[in-house]
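> Structure file entry-v5.txt (compact mmCIF, C-alpha atoms and all ligand atoms) right here:
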```txt
# COMPACT_ATOMS: atom_id res chain seq x y z
CA MET A 1 40.34 2.01 33.09
CA LYS A 2 38.40 5.03 31.76
CA ALA A 3 35.21 4.85 29.72
CA ALA A 4 33.18 7.35 27.68
CA VAL A 5 29.67 7.22 26.23
CA VAL A 6 28.70 8.63 22.82
CA GLY A 7 25.00 9.50 22.62
CA THR A 8 23.03 10.06 25.81
CA GLY A 9 19.44 9.60 24.60
CA SER A 10 16.87 7.13 25.86
CA TRP A 11 19.38 4.25 26.11
CA GLY A 12 22.76 6.03 26.37
CA LYS A 13 21.64 7.69 29.62
CA HIS A 14 21.59 4.21 31.19
CA HIS A 15 25.16 3.57 30.02
CA LEU A 16 26.14 6.84 31.74
CA ARG A 17 24.40 5.83 34.96
CA VAL A 18 25.83 2.30 35.06
CA LEU A 19 29.40 3.34 34.18
CA ASN A 20 29.20 6.06 36.82
CA ASP A 21 27.95 3.55 39.44
CA LEU A 22 30.76 1.15 38.47
CA GLY A 23 33.32 3.97 38.84
CA TYR A 24 34.60 4.02 35.21
CA LEU A 25 32.76 7.01 33.70
CA ASP A 26 35.28 9.59 32.44
CA SER A 27 33.51 11.73 29.81
CA PHE A 28 30.87 11.65 27.09
CA VAL A 29 29.87 12.95 23.66
CA GLU A 30 26.42 14.38 22.94
CA MET A 31 25.56 16.60 19.98
CA ASN A 32 22.43 17.99 21.67
CA ASP A 33 23.52 21.07 23.69
CA GLU A 34 20.76 20.85 26.29
CA ARG A 35 21.41 17.17 27.01
CA ARG A 36 25.16 17.75 27.13
CA LYS A 37 24.77 20.45 29.78
CA LEU A 38 22.36 18.26 31.76
CA TYR A 39 24.78 15.32 32.04
CA GLU A 40 27.89 17.47 32.54
CA LYS A 41 26.14 18.85 35.60
CA LYS A 42 24.64 15.57 36.80
CA TYR A 43 27.91 13.61 36.73
CA SER A 44 30.43 16.50 37.02
CA ILE A 45 32.30 15.32 33.92
CA LYS A 46 33.27 16.86 30.59
CA GLY A 47 30.89 16.48 27.66
CA PHE A 48 32.00 16.96 24.03
CA SER A 49 29.92 17.67 20.95
CA ASN A 50 31.80 15.20 18.74
CA ILE A 51 34.00 12.12 19.09
CA ASN A 52 37.12 13.75 17.56
CA ASP A 53 37.20 16.45 20.23
CA LEU A 54 36.94 13.84 22.99
CA ILE A 55 39.81 11.79 21.54
CA LYS A 56 42.02 14.91 21.13
CA ASP A 57 41.39 16.04 24.70
CA HIS A 58 41.03 12.89 26.86
CA HIS A 59 42.62 9.48 27.09
CA VAL A 60 39.90 6.81 27.35
CA ASP A 61 40.26 3.02 27.13
CA ILE A 62 36.64 2.22 26.26
CA VAL A 63 33.92 4.00 24.28
CA ASN A 64 30.28 2.90 24.33
CA ILE A 65 28.45 4.07 21.18
CA CYS A 66 24.77 4.70 21.90
CA THR A 67 23.76 6.83 18.91
CA PRO A 68 21.23 5.92 16.17
CA THR A 69 22.30 2.96 14.00
CA ILE A 70 23.09 4.97 10.86
CA THR A 71 25.85 6.78 12.80
CA HIS A 72 27.51 3.66 14.37
CA PHE A 73 29.90 2.97 11.48
CA GLU A 74 31.59 6.40 11.28
CA ILE A 75 31.92 6.78 15.07
CA ALA A 76 33.24 3.23 15.58
CA LYS A 77 35.70 3.71 12.69
CA THR A 78 37.14 6.69 14.59
CA THR A 79 37.36 4.93 17.98
CA LEU A 80 38.74 1.62 16.64
CA SER A 81 41.33 3.26 14.38
CA ASN A 82 42.56 5.08 17.49
CA GLY A 83 42.96 1.69 19.23
CA ILE A 84 40.08 2.34 21.66
CA SER A 85 38.07 -0.71 22.74
CA THR A 86 34.51 -0.15 21.61
CA LEU A 87 31.04 -1.31 22.58
CA VAL A 88 28.64 -0.52 19.74
CA GLU A 89 24.98 -0.65 20.65
CA LYS A 90 22.95 -3.12 18.62
CA PRO A 91 22.78 -3.48 15.71
CA LEU A 92 26.54 -3.23 15.09
CA THR A 93 26.01 -1.34 11.81
CA TYR A 94 23.40 -0.59 9.19
CA SER A 95 24.91 -3.06 6.71
CA SER A 96 27.07 -6.18 6.87
CA SER A 97 29.76 -4.61 4.64
CA GLN A 98 30.19 -1.85 7.25
CA GLY A 99 30.23 -4.47 10.02
CA GLU A 100 32.94 -6.42 8.20
CA GLU A 101 35.09 -3.27 8.01
CA LEU A 102 34.72 -2.66 11.76
CA VAL A 103 35.65 -6.25 12.64
CA ASN A 104 38.83 -5.89 10.52
CA LEU A 105 39.64 -2.46 11.98
CA ALA A 106 39.33 -3.80 15.55
CA HIS A 107 41.67 -6.68 14.68
CA ASP A 108 44.25 -4.44 12.92
CA ASN A 109 44.31 -1.94 15.80
CA ASN A 110 44.30 -4.51 18.59
CA ALA A 111 41.10 -3.04 20.04
CA ALA A 112 38.26 -5.08 21.57
CA LEU A 113 34.92 -4.83 19.79
CA THR A 114 31.58 -5.88 21.24
CA VAL A 115 27.90 -5.30 20.44
CA GLY A 116 25.15 -4.36 22.89
CA PHE A 117 23.22 -7.64 22.88
CA VAL A 118 22.12 -6.96 26.43
CA GLU A 119 19.83 -10.02 26.58
CA ARG A 120 22.92 -12.26 26.62
CA PHE A 121 23.44 -10.92 30.15
CA ASN A 122 19.87 -11.54 31.28
CA PRO A 123 19.79 -14.35 33.91
CA VAL A 124 16.87 -15.95 32.01
CA ILE A 125 18.86 -16.80 28.88
CA ILE A 126 21.97 -17.61 30.93
CA ASP A 127 19.96 -20.19 32.95
CA ILE A 128 18.54 -21.66 29.75
CA LYS A 129 22.02 -21.87 28.21
CA ASN A 130 23.39 -23.59 31.35
CA ASN A 131 20.57 -26.15 31.24
CA LEU A 132 21.18 -26.81 27.53
CA GLN A 133 24.90 -27.28 28.14
CA LYS A 134 24.19 -29.79 30.93
CA GLN A 135 21.51 -31.42 28.70
CA THR A 136 19.20 -31.51 31.76
CA TYR A 137 16.19 -31.53 29.42
CA GLY A 138 17.87 -33.20 26.45
CA ASP A 139 18.69 -31.40 23.19
CA PRO A 140 16.99 -28.20 21.96
CA LEU A 141 14.75 -28.61 18.92
CA LEU A 142 12.69 -25.43 18.67
CA ILE A 143 13.23 -21.96 20.15
CA GLU A 144 10.38 -19.42 20.04
CA PHE A 145 10.98 -15.75 20.78
CA GLN A 146 8.40 -13.00 21.22
CA ARG A 147 9.49 -9.34 21.35
CA GLU A 148 6.47 -7.09 20.99
CA ASN A 149 5.46 -3.57 22.00
CA ARG A 150 3.89 -0.45 20.49
CA TRP A 151 6.45 1.71 18.59
CA ALA A 152 7.97 4.16 21.09
CA GLY A 153 8.58 6.83 18.44
CA VAL A 154 12.38 6.81 18.92
CA THR A 155 13.80 4.49 16.25
CA LYS A 156 13.41 6.09 12.85
CA ASP A 157 16.43 4.86 10.90
CA ILE A 158 15.81 1.08 10.82
CA GLY A 159 12.93 -1.39 10.99
CA VAL A 160 11.95 -3.82 13.72
CA ILE A 161 14.25 -6.59 12.40
CA LEU A 162 17.50 -4.63 12.71
CA ASP A 163 16.28 -2.90 15.86
CA SER A 164 14.66 -5.73 17.85
CA SER A 165 14.90 -9.15 16.17
CA VAL A 166 18.71 -8.93 16.23
CA HIS A 167 18.59 -9.71 19.98
CA ASP A 168 16.81 -12.99 19.24
CA ILE A 169 18.79 -13.85 16.09
CA ASP A 170 21.87 -13.60 18.29
CA GLY A 171 20.10 -15.57 21.06
CA ALA A 172 19.16 -18.40 18.68
CA ARG A 173 22.74 -18.67 17.34
CA TRP A 174 24.07 -18.71 20.89
CA LEU A 175 21.63 -21.27 22.29
CA PHE A 176 21.95 -23.67 19.32
CA ASN A 177 25.69 -22.97 19.27
CA GLU A 178 25.74 -22.78 15.47
CA GLU A 179 24.79 -20.54 12.54
CA PRO A 180 21.46 -20.99 10.71
CA ASN A 181 21.67 -22.28 7.13
CA VAL A 182 18.31 -20.94 5.92
CA VAL A 183 16.13 -17.90 6.67
CA PHE A 184 12.51 -17.24 5.74
CA ALA A 185 10.64 -14.13 6.87
CA ARG A 186 7.34 -12.33 6.46
CA THR A 187 7.10 -8.64 7.33
CA GLY A 188 4.80 -5.67 6.91
CA ASN A 189 4.30 -2.06 7.80
CA VAL A 190 1.18 -0.68 9.42
CA LEU A 191 2.68 2.39 11.13
CA ASN A 192 3.96 3.84 7.86
CA PRO A 193 2.36 7.25 7.44
CA LYS A 194 2.04 6.61 3.70
CA ALA A 195 0.20 3.36 4.35
CA SER A 196 -2.06 4.20 7.23
CA GLY A 197 -1.98 7.80 8.39
CA PHE A 198 -0.02 6.86 11.55
CA VAL A 199 3.10 8.85 12.37
CA GLY A 200 5.73 6.16 12.33
CA THR A 201 8.67 4.47 10.70
CA ASP A 202 9.16 3.87 6.97
CA TYR A 203 10.55 0.38 7.57
CA GLU A 204 8.92 -2.95 8.52
CA ASP A 205 7.19 -2.79 11.89
CA PHE A 206 6.06 -6.39 12.20
CA ALA A 207 8.08 -9.47 11.35
CA THR A 208 8.15 -13.22 11.78
CA ILE A 209 11.45 -14.89 11.01
CA VAL A 210 12.07 -18.62 10.73
CA LEU A 211 15.72 -19.66 11.11
CA GLY A 212 16.64 -23.20 10.07
CA PHE A 213 19.56 -24.95 11.76
CA LYS A 214 21.04 -28.45 11.23
CA ASN A 215 18.83 -31.54 11.63
CA GLY A 216 15.53 -29.67 11.51
CA LYS A 217 16.29 -27.46 14.54
CA THR A 218 14.35 -24.21 14.18
CA ALA A 219 14.01 -20.77 15.75
CA ILE A 220 10.85 -18.69 15.30
CA ILE A 221 11.41 -15.02 16.00
CA ILE A 222 8.36 -12.80 16.35
CA ALA A 223 8.81 -9.04 16.71
CA ASN A 224 6.57 -6.06 16.24
CA TRP A 225 5.95 -2.44 17.13
CA VAL A 226 2.18 -2.95 17.03
CA THR A 227 1.09 -4.97 20.13
CA PRO A 228 -0.20 -2.43 22.68
CA TYR A 229 1.66 -4.01 25.60
CA LYS A 230 5.24 -5.23 26.09
CA VAL A 231 6.09 -8.92 25.58
CA ARG A 232 9.61 -10.38 25.94
CA ARG A 233 9.39 -14.15 26.06
CA ILE A 234 11.41 -17.21 25.14
CA SER A 235 10.40 -20.88 25.00
CA VAL A 236 12.78 -23.74 24.22
CA THR A 237 11.32 -27.15 23.35
CA CYS A 238 13.85 -29.88 24.08
CA THR A 239 13.76 -33.65 23.57
CA ASP A 240 12.97 -34.15 27.30
CA GLY A 241 11.12 -31.02 28.38
CA ASN A 242 10.47 -27.33 27.88
CA LEU A 243 12.31 -24.29 29.27
CA SER A 244 10.56 -20.96 29.10
CA GLY A 245 11.21 -17.54 30.51
CA ASP A 246 10.16 -13.92 30.69
CA TYR A 247 13.04 -11.48 30.10
CA MET A 248 11.25 -8.75 32.07
CA SER A 249 10.23 -10.58 35.26
CA GLN A 250 13.31 -12.81 34.85
CA GLU A 251 11.19 -15.81 35.84
CA ILE A 252 12.13 -19.12 34.27
CA ARG A 253 9.94 -22.24 34.13
CA LEU A 254 11.50 -25.68 33.72
CA ASP A 255 9.06 -28.44 32.75
CA ASP A 256 10.13 -32.08 32.33
CA GLY A 257 6.60 -33.35 31.64
CA ASN A 258 6.13 -34.63 35.21
CA SER A 259 6.88 -31.54 37.27
CA VAL A 260 7.49 -27.82 36.85
CA THR A 261 10.36 -26.01 38.60
CA ILE A 262 10.40 -22.22 38.95
CA PRO A 263 13.74 -21.31 40.57
CA THR A 264 13.76 -18.14 42.69
CA ARG A 265 16.58 -15.69 42.31
CA LYS A 266 17.47 -12.05 42.77
CA HIS A 267 16.62 -9.65 39.91
CA GLU A 268 19.74 -8.45 38.06
CA GLU A 269 20.16 -5.48 35.72
CA PRO A 270 21.47 -7.02 32.45
CA LEU A 271 23.21 -3.75 31.45
CA VAL A 272 25.29 -3.82 34.65
CA ASN A 273 26.34 -7.41 33.84
CA GLU A 274 27.08 -6.48 30.21
CA LEU A 275 29.25 -3.43 30.96
CA THR A 276 31.08 -5.19 33.82
CA SER A 277 31.82 -8.13 31.54
CA PHE A 278 33.19 -5.91 28.74
CA ILE A 279 35.37 -3.88 31.12
CA ASN A 280 36.81 -7.10 32.58
CA ALA A 281 37.49 -8.46 29.07
CA VAL A 282 39.38 -5.26 28.14
CA LYS A 283 41.29 -5.28 31.46
CA SER A 284 42.36 -8.90 31.00
CA ASN A 285 42.92 -8.57 27.23
CA SER A 286 40.53 -11.48 26.64
CA SER A 287 37.74 -11.92 24.09
CA PRO A 288 34.45 -10.20 24.99
CA VAL A 289 31.44 -12.50 25.59
CA VAL A 290 29.74 -10.97 22.52
CA THR A 291 32.27 -10.68 19.69
CA GLY A 292 32.38 -8.49 16.59
CA ILE A 293 31.67 -11.66 14.57
CA ASP A 294 28.48 -12.21 16.61
CA GLY A 295 27.43 -8.68 15.66
CA LEU A 296 28.40 -9.15 12.01
CA ASN A 297 26.75 -12.56 11.48
CA THR A 298 23.60 -11.31 13.15
CA ILE A 299 23.39 -8.47 10.61
CA LYS A 300 23.98 -10.90 7.74
CA ILE A 301 21.06 -13.01 9.01
CA ALA A 302 18.89 -9.90 9.51
CA GLU A 303 19.68 -8.74 5.96
CA ALA A 304 18.74 -12.20 4.66
CA ALA A 305 15.43 -11.98 6.57
CA ILE A 306 14.64 -8.58 5.01
CA THR A 307 15.49 -9.91 1.54
CA SER A 308 13.45 -13.07 2.13
CA ALA A 309 10.40 -11.01 3.07
CA LYS A 310 10.77 -8.87 -0.08
CA ARG A 311 11.16 -11.90 -2.38
CA GLY A 312 8.71 -14.20 -0.59
CA SER A 313 11.24 -17.04 -0.67
CA PRO A 314 13.84 -18.59 1.67
CA ILE A 315 17.44 -17.40 1.62
CA TYR A 316 20.16 -20.01 2.11
CA LEU A 317 23.23 -18.98 4.11
CA ASP A 318 26.75 -20.26 4.50
CA LEU A 319 28.16 -18.41 7.54
N1 LIG B 1 20.56 -2.93 23.90
C1 LIG B 1 19.34 -2.49 24.00
O1 LIG B 1 18.47 -3.16 24.56
C2 LIG B 1 18.97 -1.13 23.44
C3 LIG B 1 17.82 -0.48 23.87
C4 LIG B 1 17.52 0.76 23.29
C5 LIG B 1 18.36 1.30 22.32
N2 LIG B 1 19.47 0.63 21.93
C6 LIG B 1 20.37 1.16 20.89
O2 LIG B 1 21.00 2.35 21.40
C7 LIG B 1 21.22 3.27 20.32
C8 LIG B 1 20.59 4.61 20.68
O3 LIG B 1 19.20 4.43 20.83
P1 LIG B 1 18.34 5.49 21.67
O4 LIG B 1 17.00 4.88 21.81
O5 LIG B 1 19.06 5.92 22.89
O6 LIG B 1 18.28 6.72 20.65
P2 LIG B 1 17.98 8.26 20.99
O7 LIG B 1 17.59 8.87 19.70
O8 LIG B 1 17.07 8.34 22.17
O9 LIG B 1 19.41 8.83 21.44
C9 LIG B 1 20.48 9.03 20.56
C10 LIG B 1 21.34 10.16 21.13
O10 LIG B 1 22.54 10.26 20.36
C11 LIG B 1 22.79 11.63 20.08
N3 LIG B 1 23.60 11.65 18.83
C12 LIG B 1 23.19 11.34 17.58
N4 LIG B 1 24.23 11.39 16.72
C13 LIG B 1 25.32 11.74 17.46
C14 LIG B 1 26.69 11.95 17.15
N5 LIG B 1 27.15 11.78 15.90
N6 LIG B 1 27.53 12.31 18.15
C15 LIG B 1 27.05 12.48 19.40
N7 LIG B 1 25.76 12.31 19.78
C16 LIG B 1 24.91 11.92 18.81
C17 LIG B 1 21.43 12.28 19.95
O11 LIG B 1 21.50 13.66 20.18
C18 LIG B 1 20.68 11.55 21.07
O12 LIG B 1 20.83 12.18 22.32
C19 LIG B 1 20.64 2.60 19.07
O13 LIG B 1 21.68 1.92 18.41
C20 LIG B 1 19.64 1.60 19.62
O14 LIG B 1 19.44 0.48 18.77
C21 LIG B 1 19.80 -0.56 22.50
```
Will you turn the file into structure tokens for me?
Ligand SMILES: NC(=O)c1ccc[n+]([C@@H]2O[C@H](COP(=O)([O-])OP(=O)(O)OC[C@H]3O[C@@H](n4cnc5c(N)ncnc54)[C@H](O)[C@@H]3O)[C@@H](O)[C@H]2O)c1

Amino acid sequence: MKAAVVGTGSWGKHHLRVLNDLGYLDSFVEMNDERRKLYEKKYSIKGFSNINDLIKDHHVDIVNICTPTITHFEIAKTTLSNGISTLVEKPLTYSSSQGEELVNLAHDNNAALTVGFVERFNPVIIDIKNNLQKQTYGDPLLIEFQRENRWAGVTKDIGVILDSSVHDIDGARWLFNEEPNVVFARTGNVLNPKASGFVGTDYEDFATIVLGFKNGKTAIIIANWVTPYKVRRISVTCTDGNLSGDYMSQEIRLDDGNSVTIPTRKHEEPLVNELTSFINAVKSNSSPVVTGIDGLNTIKIAEAAITSAKRGSPIYLDL
């Protein structure tokens, strides 16, 4: 099994490192000459300046696309139409119509397609999911997510919803085990140079999304690029208790109203779990944990949130 990485910037460099550690790294694509030389030397592998040259020259089974979102569609179209199993970093694509095309292409070419929802492989959310499945604390009613930090200056092609909230939209769908039927969002932009003199993105940089599920179940997703420190938290209110966790420390707190349990466990790197899981799915020709449909529906919900914020009204969905 041979894997390649496309895009070796702030996140793609971790894909290179992890695939190399796992023993599957074959080659990579990077349009920036300096970066290409750096990683060719570091890993003693061949780097290409575009995906077509890599495909002409090397046989690879898996490609991980770690380029800016606006480029995902064209690169994934090339890999999938060549029958190469593909991990596209989140969000799958810029628009749901592009995402739909990729899901169909993967199916028609018998190639696996997954999306880089790395939080799905964080032990915190896995523990919460296991507890919900066993109904240890009853049924989930409300899930609150917080994903906040100051804008790092890297993401310039999308706003905080497509960049960050997609992790939690996917998380809410997964934990409730169903699709939301209504979305309401409020957003704004304070880093916009036109609005405030800051050097920043042109898209929304703070957002609160309310997702409505059956029987009043609700997810509240808070994300921004404004808070001066990093927050990555989840809290699940259930009929018989509360489960909460910190994605960074990987500590989880289980509270049944009488006592609090904080299980101890070894820290895991979610990206290692994610890439191992995808490689095993491709090897065994089984469905990846995160499917193309997960990626696509998450974009549809994110698009509805952006529209809701523009209109100031809820958007009803039938996914
Ligand atoms: N899963 C996560 O938690 C997570 C975290 C950070 C970023 N990401 C995602 O990873 C992707 C990349 O983000 P980043 O922060 O690394 O961006 P970045 O700008 O730091 O890096 C992008 C790299 O891709 C290269 N590139 C651009 N277009 C290319 C092309 N057509 N062919 C080859 N190389 C190309 C650039 O030269 C650059 O080195 C985005 O989709 C982002 O949303 C995911």
> May I ask you to write as a PyMOL selection string all residues lying at most 7 Å from ligand LIG 1 (chain B), with all atoms listed in the file counted?
chain A and resi 6-12+29-32+35+49-51+66-69+71+75+89-91+116-118+154-155+163
> So which residues fall inside 7 Å of (12.5, -18.5, 24.4) if we count all atoms listed in the file? Mind giving them as a compact mmCIF listing (two decimals) with C-alpha atoms, in the coordinates of the input?

```txt
# COMPACT_ATOMS: atom_id res chain seq x y z
CA ILE A 143 13.23 -21.96 20.15
CA GLU A 144 10.38 -19.42 20.04
CA PHE A 145 10.98 -15.75 20.78
CA ARG A 233 9.39 -14.15 26.06
CA ILE A 234 11.41 -17.21 25.14
CA SER A 235 10.40 -20.88 25.00
CA VAL A 236 12.78 -23.74 24.22
CA SER A 244 10.56 -20.96 29.10
CA GLY A 245 11.21 -17.54 30.51
```
> Of the candidates A:Ser96, A:Ser313, A:Ser44, A:Thr114, which shows the shortest atom-to-atom distance to Leu275 of chain A, using all atoms listed in the file?
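Closest candidate: A:Thr114.
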> Which residue, A:Gly153, A:Phe73, A:Asn273, A:Ile262, has the smallest gap to Ser97 of chain A when you use all atoms listed in the file?
A:Phe73
> Skipping near chain neighbours, those fewer than 6 positions away, what residues fall within 8 Å of Ile161 of chain A using only C-alpha atoms, listed as a list in words?
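Answer for this query is Glu204, Ala207, Ala223, Ala302 and Ile306 of chain A.
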> Here is a test: counting only C-alpha atoms, which residue of A:Val5, A:Val124, A:Val182, A:Leu87 is nearest to Thr264 of chain A?
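Comparing A:Val5, A:Val124, A:Val182, A:Leu87 against Thr264 of chain A, the winner is A:Val124.
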